[in-house]
$ cat my_file_31.csv   # CSV, C-alpha atoms
chain,number,residue,atom,x,y,z
A,26,MET,CA,-155.9,-112.3,21.2
A,27,ASP,CA,-155.7,-116.0,20.3
A,28,HIS,CA,-152.2,-115.9,18.7
A,29,PRO,CA,-149.8,-113.9,16.6
A,30,HIS,CA,-150.1,-114.5,12.9
A,31,ASN,CA,-146.5,-115.7,12.8
A,32,GLU,CA,-145.2,-119.2,13.6
A,33,MET,CA,-142.0,-118.0,15.2
A,34,LEU,CA,-143.7,-115.4,17.4
A,35,PHE,CA,-146.4,-117.9,18.4
A,36,TRP,CA,-143.8,-120.4,19.7
A,37,ALA,CA,-141.8,-117.6,21.3
A,38,VAL,CA,-144.9,-116.5,23.2
A,39,GLU,CA,-146.0,-120.0,24.1
A,40,GLY,CA,-142.6,-121.5,25.0
A,41,GLY,CA,-140.0,-118.8,25.2
A,42,LEU,CA,-136.5,-119.0,23.8
A,43,LEU,CA,-136.0,-122.8,23.8
A,44,PRO,CA,-138.7,-123.6,21.1
A,45,VAL,CA,-137.3,-120.8,18.9
A,46,LEU,CA,-133.8,-122.2,19.1
A,47,GLY,CA,-135.2,-125.6,18.3
A,48,ILE,CA,-137.0,-124.3,15.2
A,49,LEU,CA,-133.8,-122.4,14.1
A,50,LEU,CA,-131.7,-125.5,14.6
A,51,ALA,CA,-134.2,-127.6,12.5
A,52,ALA,CA,-134.2,-124.9,9.8
A,53,GLY,CA,-130.4,-124.9,9.7
A,54,MET,CA,-130.3,-128.7,9.3
A,55,VAL,CA,-132.8,-128.5,6.4
A,56,LEU,CA,-130.7,-125.7,4.7
A,57,GLN,CA,-127.6,-127.9,5.2
A,58,ARG,CA,-129.4,-130.8,3.5
A,59,ILE,CA,-130.4,-128.6,0.6
A,60,TYR,CA,-126.8,-127.3,0.3
A,61,HIS,CA,-125.5,-130.8,-0.2
A,62,GLY,CA,-127.9,-131.4,-3.0
A,63,LYS,CA,-126.9,-131.7,-6.7
A,64,LYS,CA,-125.8,-128.5,-8.4
A,65,GLY,CA,-128.5,-126.9,-10.4
A,66,THR,CA,-131.2,-128.3,-8.1
A,67,ARG,CA,-130.5,-126.5,-4.9
A,68,LEU,CA,-132.3,-123.2,-5.7
A,69,ALA,CA,-135.3,-125.2,-7.1
A,70,ILE,CA,-135.5,-127.3,-3.9
A,71,PHE,CA,-135.1,-124.2,-1.7
A,72,SER,CA,-137.8,-122.3,-3.7
A,73,LEU,CA,-140.4,-125.0,-2.8
A,74,PHE,CA,-140.2,-124.0,0.8
A,75,ILE,CA,-140.6,-120.2,0.2
A,76,PRO,CA,-144.4,-120.0,-0.2
A,77,ILE,CA,-145.3,-122.1,2.8
A,78,VAL,CA,-142.6,-120.6,5.1
A,79,LEU,CA,-143.7,-117.1,4.1
A,80,HIS,CA,-147.3,-118.1,4.8
A,81,SER,CA,-146.4,-119.4,8.3
A,82,GLN,CA,-144.7,-116.0,9.1
A,83,LEU,CA,-147.6,-113.8,7.9
A,84,GLU,CA,-150.7,-115.9,8.5
A,85,TYR,CA,-152.2,-118.5,10.8
A,86,PRO,CA,-149.8,-120.9,12.6
A,87,PHE,CA,-149.6,-124.5,11.4
A,88,TYR,CA,-152.0,-125.8,14.0
A,89,HIS,CA,-154.8,-123.8,12.4
A,90,SER,CA,-154.3,-125.6,9.0
A,91,ALA,CA,-153.7,-129.3,8.8
A,92,THR,CA,-153.2,-129.0,5.0
A,93,HIS,CA,-150.3,-126.7,5.3
A,94,TRP,CA,-148.7,-128.7,8.1
A,95,ILE,CA,-149.0,-132.0,6.2
A,96,THR,CA,-147.6,-130.4,3.0
A,97,PHE,CA,-144.7,-128.9,5.0
A,98,VAL,CA,-143.9,-132.4,6.6
A,99,ILE,CA,-144.0,-134.0,3.1
A,100,LEU,CA,-141.6,-131.4,1.8
A,101,LEU,CA,-139.2,-132.1,4.6
A,102,TYR,CA,-139.4,-135.9,4.0
A,103,TRP,CA,-138.9,-135.4,0.3
A,104,VAL,CA,-135.7,-133.3,0.8
A,105,ASP,CA,-134.4,-135.8,3.4
A,106,GLN,CA,-134.8,-138.6,0.9
A,107,ARG,CA,-133.6,-136.7,-2.1
A,108,VAL,CA,-130.5,-135.2,-0.5
A,109,ASN,CA,-129.0,-138.2,1.3
A,110,VAL,CA,-125.7,-137.5,3.2
A,111,PRO,CA,-124.6,-140.9,4.6
A,112,ARG,CA,-122.4,-141.0,7.6
A,113,PHE,CA,-121.1,-143.9,9.7
A,114,ALA,CA,-120.9,-144.0,13.5
A,115,PRO,CA,-120.3,-146.9,15.8
A,116,PHE,CA,-123.1,-148.0,18.2
A,117,THR,CA,-123.2,-150.4,21.0
A,118,VAL,CA,-125.7,-153.3,21.0
A,119,PHE,CA,-127.9,-151.3,23.5
A,120,GLY,CA,-127.7,-148.2,21.3
A,121,LYS,CA,-128.8,-150.2,18.2
A,122,THR,CA,-131.7,-151.8,20.1
A,123,LEU,CA,-132.8,-148.4,21.5
A,124,LEU,CA,-132.7,-146.8,18.1
A,125,ARG,CA,-134.6,-149.6,16.5
A,126,VAL,CA,-137.3,-149.6,19.1
A,127,SER,CA,-137.5,-145.8,19.0
A,128,SER,CA,-137.6,-145.6,15.2
A,129,LEU,CA,-140.7,-147.9,15.4
A,130,LEU,CA,-142.4,-146.7,18.5
A,131,LEU,CA,-142.1,-142.9,18.1
A,132,PRO,CA,-143.6,-142.7,14.5
A,133,ILE,CA,-146.4,-144.9,15.6
A,134,LEU,CA,-147.2,-142.8,18.6
A,135,THR,CA,-146.8,-139.5,16.7
A,136,SER,CA,-149.0,-140.8,13.9
A,137,PHE,CA,-151.7,-142.0,16.3
A,138,TYR,CA,-151.7,-138.6,18.1
A,139,MET,CA,-151.8,-136.6,14.9
A,140,LEU,CA,-154.6,-138.7,13.4
A,141,SER,CA,-156.6,-138.6,16.6
A,142,ALA,CA,-156.2,-134.8,16.6
A,143,LEU,CA,-157.5,-134.6,13.0
A,144,HIS,CA,-160.4,-136.9,13.8
A,145,THR,CA,-161.3,-134.8,16.9
A,146,ASN,CA,-161.2,-131.7,14.8
A,147,TYR,CA,-163.6,-133.3,12.3
A,148,ILE,CA,-166.0,-134.5,15.1
A,149,LEU,CA,-166.0,-131.1,16.8
A,150,THR,CA,-166.7,-129.4,13.5
A,151,GLN,CA,-169.6,-131.7,12.8
A,152,PHE,CA,-171.0,-131.0,16.3
A,153,GLU,CA,-170.7,-127.2,15.8
A,154,LYS,CA,-172.4,-127.4,12.4
A,155,SER,CA,-175.3,-129.6,13.6
A,156,GLN,CA,-178.6,-127.8,13.7
A,157,PRO,CA,-180.0,-128.4,16.2
A,158,LYS,CA,-176.9,-129.3,18.2
A,159,ASP,CA,-176.6,-133.1,18.6
A,160,PRO,CA,-174.7,-133.8,21.9
A,161,GLU,CA,-174.3,-137.5,20.9
A,162,ILE,CA,-171.7,-136.4,18.4
A,163,LEU,CA,-169.3,-135.4,21.2
A,164,ASN,CA,-169.2,-139.1,22.3
A,165,ARG,CA,-167.1,-139.8,19.2
A,166,VAL,CA,-164.3,-137.5,20.2
A,167,THR,CA,-161.0,-139.5,20.5
A,168,ASN,CA,-158.5,-136.9,21.7
A,169,PRO,CA,-160.0,-134.1,23.7
A,170,VAL,CA,-156.6,-133.0,25.0
A,171,VAL,CA,-155.3,-131.5,21.8
A,172,TRP,CA,-158.5,-129.4,21.4
A,173,LYS,CA,-159.2,-129.0,25.1
A,174,ASP,CA,-160.5,-125.4,25.2
A,175,ARG,CA,-162.7,-126.0,22.1
A,176,PHE,CA,-164.0,-129.3,23.5
A,177,ASP,CA,-164.7,-127.9,26.9
A,178,TRP,CA,-166.6,-125.0,25.3
A,179,ASP,CA,-168.8,-127.4,23.3
A,180,VAL,CA,-169.4,-129.6,26.4
A,181,TYR,CA,-170.1,-126.9,28.9
A,182,SER,CA,-172.2,-124.9,26.5
A,183,THR,CA,-174.3,-128.0,26.0
A,184,TYR,CA,-174.5,-128.3,29.8
A,185,LEU,CA,-175.7,-124.7,29.9
A,186,ASN,CA,-178.3,-125.1,27.2
A,187,ILE,CA,-179.8,-128.1,28.8
A,188,GLY,CA,-179.8,-126.3,32.2
A,189,LEU,CA,-181.6,-123.3,30.7
A,190,TYR,CA,-184.1,-125.5,28.8
A,191,GLN,CA,-185.0,-127.4,32.0
A,192,GLN,CA,-184.3,-124.5,34.4
A,193,ASN,CA,-182.0,-127.0,36.2
A,194,PRO,CA,-179.1,-125.4,38.3
A,195,GLU,CA,-177.3,-128.8,38.2
A,196,PHE,CA,-176.4,-128.3,34.6
A,197,ILE,CA,-176.0,-124.5,34.7
A,198,GLN,CA,-173.4,-124.4,37.5
A,199,PRO,CA,-170.7,-126.4,35.7
A,200,TYR,CA,-170.6,-123.8,32.9
A,201,ILE,CA,-170.3,-121.0,35.5
A,202,ASP,CA,-167.4,-122.8,37.3
A,203,TRP,CA,-165.6,-123.5,34.1
A,204,SER,CA,-166.1,-120.0,32.5
A,205,LEU,CA,-165.0,-118.2,35.7
A,206,GLU,CA,-161.7,-120.0,35.5
A,207,ILE,CA,-161.0,-119.7,31.8
A,208,ILE,CA,-161.9,-116.0,31.5
A,209,LYS,CA,-159.0,-115.2,33.9
A,210,ASP,CA,-156.6,-116.2,31.1
A,211,LYS,CA,-158.8,-116.1,28.0
A,212,PRO,CA,-161.5,-113.5,28.2
A,213,ARG,CA,-163.9,-113.7,25.2
A,214,PRO,CA,-167.2,-112.0,24.6
A,215,ALA,CA,-168.9,-115.3,24.0
A,216,PHE,CA,-167.9,-116.5,27.5
A,217,TYR,CA,-169.4,-113.4,29.0
A,218,ASN,CA,-172.6,-113.7,27.0
A,219,ASN,CA,-173.2,-117.2,28.2
A,220,LEU,CA,-172.1,-116.3,31.8
A,221,ILE,CA,-174.7,-113.6,31.9
A,222,LEU,CA,-177.4,-116.0,30.7
A,223,ALA,CA,-176.2,-118.6,33.3
A,224,PHE,CA,-176.6,-116.3,36.2
A,225,GLN,CA,-180.0,-115.2,34.9
A,226,GLY,CA,-180.9,-118.9,34.6
A,227,LEU,CA,-180.1,-119.2,38.3
A,228,GLY,CA,-182.1,-116.2,39.1
A,229,ASP,CA,-179.1,-114.3,40.3
A,230,GLU,CA,-179.7,-111.0,38.5
A,231,SER,CA,-177.1,-109.1,40.7
A,232,ARG,CA,-174.3,-111.4,39.5
A,233,ALA,CA,-175.5,-111.2,36.0
A,234,GLU,CA,-175.4,-107.4,36.0
A,235,GLN,CA,-171.9,-107.5,37.5
A,236,VAL,CA,-170.7,-109.8,34.7
A,237,ARG,CA,-172.4,-107.6,32.2
A,238,ALA,CA,-170.6,-104.5,33.5
A,239,GLU,CA,-167.3,-106.3,33.5
A,240,ALA,CA,-167.8,-107.5,30.0
A,241,GLN,CA,-168.8,-104.0,28.7
A,242,TYR,CA,-165.7,-102.6,30.3
A,243,LEU,CA,-163.4,-105.2,28.7
A,244,PHE,CA,-165.1,-105.1,25.3
A,245,PRO,CA,-166.5,-101.6,24.8
A,246,ASN,CA,-167.2,-102.2,21.1
A,247,GLU,CA,-169.6,-105.1,22.0
A,248,ASP,CA,-173.2,-104.5,23.1
A,249,PHE,CA,-174.0,-106.7,26.1
A,250,SER,CA,-177.1,-104.8,27.0
A,251,THR,CA,-179.2,-107.0,24.7
A,252,VAL,CA,-178.1,-110.2,26.3
A,253,GLN,CA,-181.3,-111.4,28.0
A,254,LEU,CA,-182.4,-114.9,28.8
A,255,ARG,CA,-185.2,-116.2,26.5
A,256,LEU,CA,-185.9,-119.8,27.0
A,257,PRO,CA,-186.3,-121.7,23.7
A,258,GLN,CA,-188.9,-124.4,23.3
A,259,SER,CA,-187.6,-128.0,23.5
A,260,SER,CA,-189.3,-131.3,23.6
A,261,SER,CA,-189.0,-133.5,26.7
A,262,LYS,CA,-187.6,-136.3,24.6
A,263,ALA,CA,-184.8,-134.1,23.2
A,264,GLN,CA,-184.0,-132.8,26.6
A,265,SER,CA,-183.8,-136.3,28.0
A,266,THR,CA,-181.6,-137.5,25.2
A,267,ALA,CA,-179.3,-134.5,25.6
A,268,GLU,CA,-179.1,-134.9,29.3
A,269,ASN,CA,-178.1,-138.6,29.1
A,270,THR,CA,-175.5,-137.8,26.5
A,271,VAL,CA,-173.9,-135.0,28.5
A,272,LYS,CA,-173.8,-137.3,31.6
A,273,GLU,CA,-172.0,-139.9,29.5
A,274,ILE,CA,-169.5,-137.3,28.3
A,275,ALA,CA,-168.8,-136.2,31.9
A,276,GLU,CA,-168.2,-139.8,32.9

$ encode --input "my_file_31.csv" --output "structure tokens"
Amino acid sequence: MDHPHNEMLFWAVEGGLLPVLGILLAAGMVLQRIYHGKKGTRLAIFSLFIPIVLHSQLEYPFYHSATHWITFVILLYWVDQRVNVPRFAPFTVFGKTLLRVSSLLLPILTSFYMLSALHTNYILTQFEKSQPKDPEILNRVTNPVVWKDRFDWDVYSTYLNIGLYQQNPEFIQPYIDWSLEIIKDKPRPAFYNNLILAFQGLGDESRAEQVRAEAQYLFPNEDFSTVQLRLPQSSSKAQSTAENTVKEIAE
């Protein structure tokens, strides 16, 4: 449900025909570069791309694996440097200035965005692995946009846990508002599990049972009948720290 295990199909679903044409155009330019390589090396250079391209068409898209993406970019750079086809074209003073500024600015912005995405992925992974969950880790996230759904899940689930610990509707309601919107486009069993608990935490058993029935209808292989609110024990100090942290994240 998340995505097809095929890079081309993924972009076709996400963006339509235009991204697919862009990918095909870029692939054609790379093949043209390889074609202009030295005789006896073309097939060897081309063969370097076969494993990773085949992987991208049969397995996870690149955004699921930073290692594959970085390796692919390095290969593209290596081919571009190895197979150099110089051409000359006249440029105006404005064109030269624009190209110089763009050649400096765009790589810096792109690198910053990609590094912040890798850093955010690392931070979210640390938060999700922490036992018990340490909400303070979320304060170190630098780019929540690139992992928006995942970041929102971590934040609002933290809201929900704090609300259930303290039986405080102020922290339970934000999860309900968020999940009711996201399940319209991305229904997941985990969202429904927590939504049932959220309504039970508010004492709204009727809504909780409605959500349970809807979840069971959408996911007949899942057992939602066992989803029942059981309040875990938590110290007041931990609750206070978590509450302050979540408030800082919201701000």

$ closest_residue --input "my_file_31.csv" --among "A:Pro212, A:Phe224, A:Trp103, A:Tyr138" --to "A:Val170" --atoms "all atoms listed in the file"
A:Tyr138

$ atom_distance --input "my_file_31.csv" --atom1 "atom CA of A:Leu68" --atom2 "atom CA of A:Leu50"
20.4 Å

$ closest_residue --input "my_file_31.csv" --among "A:Trp36, A:Val108, A:Ser90, A:Lys121" --to "A:Met54" --atoms "all atoms listed in the file"
A:Val108

$ atom_distance --input "my_file_31.csv" --atom1 "atom CA of A:Leu243" --atom2 "atom CA of A:Asn193"
29.6 Å

$ atom_distance --input "my_file_31.csv" --atom1 "atom CA of A:Thr135" --atom2 "atom CA of A:Glu153"
26.9 Å

$ residues_around --input "my_file_31.csv" --residues "A:Ile77" --least-positions-apart "2" --cutoff "12 Å" --atoms "only C-alpha atoms" --output "PyMOL selection string"
chain A and resi 31-32+71-75+79-87+90+92-101

$ closest_residue --input "my_file_31.csv" --among "A:Leu143, A:Leu254, A:Leu149, A:Ala51" --to "A:Asn186" --atoms "all atoms listed in the file"
A:Leu254

$ closest_residue --input "my_file_31.csv" --among "A:Met33, A:Arg237, A:Pro132, A:Ala69" --to "A:Val45" --atoms "only C-alpha atoms"
A:Met33

$ residues_around --input "my_file_31.csv" --residues "A:Asp202" --least-positions-apart "4" --cutoff "10 Å" --atoms "all atoms listed in the file" --output "ChimeraX atom specification"
/A:181,197-198,206-207,220

$ decode --input "my_file_31.csv" --residues "stretch 107-170 of chain A" --atoms "C-alpha atoms" --output "PDB file, in the first residue's frame"
ATOM      1  CA  ARG A 107      35.330   9.802 -17.230  1.00  0.00           C
ATOM      2  CA  VAL A 108      33.423  10.346 -20.466  1.00  0.00           C
ATOM      3  CA  ASN A 109      33.855  14.041 -21.104  1.00  0.00           C
ATOM      4  CA  VAL A 110      32.355  15.414 -24.318  1.00  0.00           C
ATOM      5  CA  PRO A 111      33.382  19.105 -24.516  1.00  0.00           C
ATOM      6  CA  ARG A 112      31.208  21.482 -26.474  1.00  0.00           C
ATOM      7  CA  PHE A 113      31.385  25.234 -26.899  1.00  0.00           C
ATOM      8  CA  ALA A 114      28.467  27.633 -26.846  1.00  0.00           C
ATOM      9  CA  PRO A 115      28.404  31.432 -26.572  1.00  0.00           C
ATOM     10  CA  PHE A 116      26.902  33.022 -23.425  1.00  0.00           C
ATOM     11  CA  THR A 117      26.071  36.572 -22.540  1.00  0.00           C
ATOM     12  CA  VAL A 118      27.520  38.220 -19.437  1.00  0.00           C
ATOM     13  CA  PHE A 119      24.168  37.731 -17.684  1.00  0.00           C
ATOM     14  CA  GLY A 120      24.097  34.072 -18.714  1.00  0.00           C
ATOM     15  CA  LYS A 121      27.622  33.488 -17.405  1.00  0.00           C
ATOM     16  CA  THR A 122      26.807  35.156 -14.099  1.00  0.00           C
ATOM     17  CA  LEU A 123      23.575  33.188 -13.738  1.00  0.00           C
ATOM     18  CA  LEU A 124      25.342  29.892 -14.449  1.00  0.00           C
ATOM     19  CA  ARG A 125      28.137  30.646 -11.996  1.00  0.00           C
ATOM     20  CA  VAL A 126      25.734  31.574  -9.219  1.00  0.00           C
ATOM     21  CA  SER A 127      23.487  28.583  -9.946  1.00  0.00           C
ATOM     22  CA  SER A 128      26.423  26.165 -10.103  1.00  0.00           C
ATOM     23  CA  LEU A 129      27.391  27.271  -6.607  1.00  0.00           C
ATOM     24  CA  LEU A 130      23.993  27.807  -5.022  1.00  0.00           C
ATOM     25  CA  LEU A 131      22.103  24.731  -6.268  1.00  0.00           C
ATOM     26  CA  PRO A 132      24.645  22.111  -5.104  1.00  0.00           C
ATOM     27  CA  ILE A 133      24.872  23.804  -1.698  1.00  0.00           C
ATOM     28  CA  LEU A 134      21.085  23.853  -1.246  1.00  0.00           C
ATOM     29  CA  THR A 135      20.706  20.300  -2.559  1.00  0.00           C
ATOM     30  CA  SER A 136      23.494  19.000  -0.318  1.00  0.00           C
ATOM     31  CA  PHE A 137      22.025  20.773   2.694  1.00  0.00           C
ATOM     32  CA  TYR A 138      18.579  19.314   1.994  1.00  0.00           C
ATOM     33  CA  MET A 139      19.899  15.774   1.488  1.00  0.00           C
ATOM     34  CA  LEU A 140      22.141  15.896   4.564  1.00  0.00           C
ATOM     35  CA  SER A 141      19.292  17.244   6.692  1.00  0.00           C
ATOM     36  CA  ALA A 142      17.086  14.421   5.372  1.00  0.00           C
ATOM     37  CA  LEU A 143      19.699  11.817   6.344  1.00  0.00           C
ATOM     38  CA  HIS A 144      20.121  13.445   9.752  1.00  0.00           C
ATOM     39  CA  THR A 145      16.347  13.506  10.336  1.00  0.00           C
ATOM     40  CA  ASN A 146      16.093   9.843   9.364  1.00  0.00           C
ATOM     41  CA  TYR A 147      18.827   9.032  11.880  1.00  0.00           C
ATOM     42  CA  ILE A 148      17.140  11.036  14.662  1.00  0.00           C
ATOM     43  CA  LEU A 149      13.718   9.484  14.043  1.00  0.00           C
ATOM     44  CA  THR A 150      15.278   6.026  14.056  1.00  0.00           C
ATOM     45  CA  GLN A 151      16.942   6.780  17.391  1.00  0.00           C
ATOM     46  CA  PHE A 152      13.614   7.941  18.822  1.00  0.00           C
ATOM     47  CA  GLU A 153      11.755   4.881  17.568  1.00  0.00           C
ATOM     48  CA  LYS A 154      14.409   2.557  19.018  1.00  0.00           C
ATOM     49  CA  SER A 155      14.537   4.288  22.403  1.00  0.00           C
ATOM     50  CA  GLN A 156      13.028   2.249  25.241  1.00  0.00           C
ATOM     51  CA  PRO A 157      11.203   3.854  26.884  1.00  0.00           C
ATOM     52  CA  LYS A 158      10.470   6.472  24.236  1.00  0.00           C
ATOM     53  CA  ASP A 159      12.426   9.676  24.862  1.00  0.00           C
ATOM     54  CA  PRO A 160      10.467  12.619  23.360  1.00  0.00           C
ATOM     55  CA  GLU A 161      13.446  14.949  23.815  1.00  0.00           C
ATOM     56  CA  ILE A 162      15.122  13.221  20.858  1.00  0.00           C
ATOM     57  CA  LEU A 163      12.491  14.708  18.523  1.00  0.00           C
ATOM     58  CA  ASN A 164      13.766  18.198  19.334  1.00  0.00           C
ATOM     59  CA  ARG A 165      16.915  17.397  17.323  1.00  0.00           C
ATOM     60  CA  VAL A 166      15.018  16.853  14.060  1.00  0.00           C
ATOM     61  CA  THR A 167      16.322  19.310  11.443  1.00  0.00           C
ATOM     62  CA  ASN A 168      14.076  18.611   8.441  1.00  0.00           C
ATOM     63  CA  PRO A 169      10.614  17.307   9.365  1.00  0.00           C
ATOM     64  CA  VAL A 170       9.251  18.053   5.874  1.00  0.00           C
TER      65      VAL A 170
END
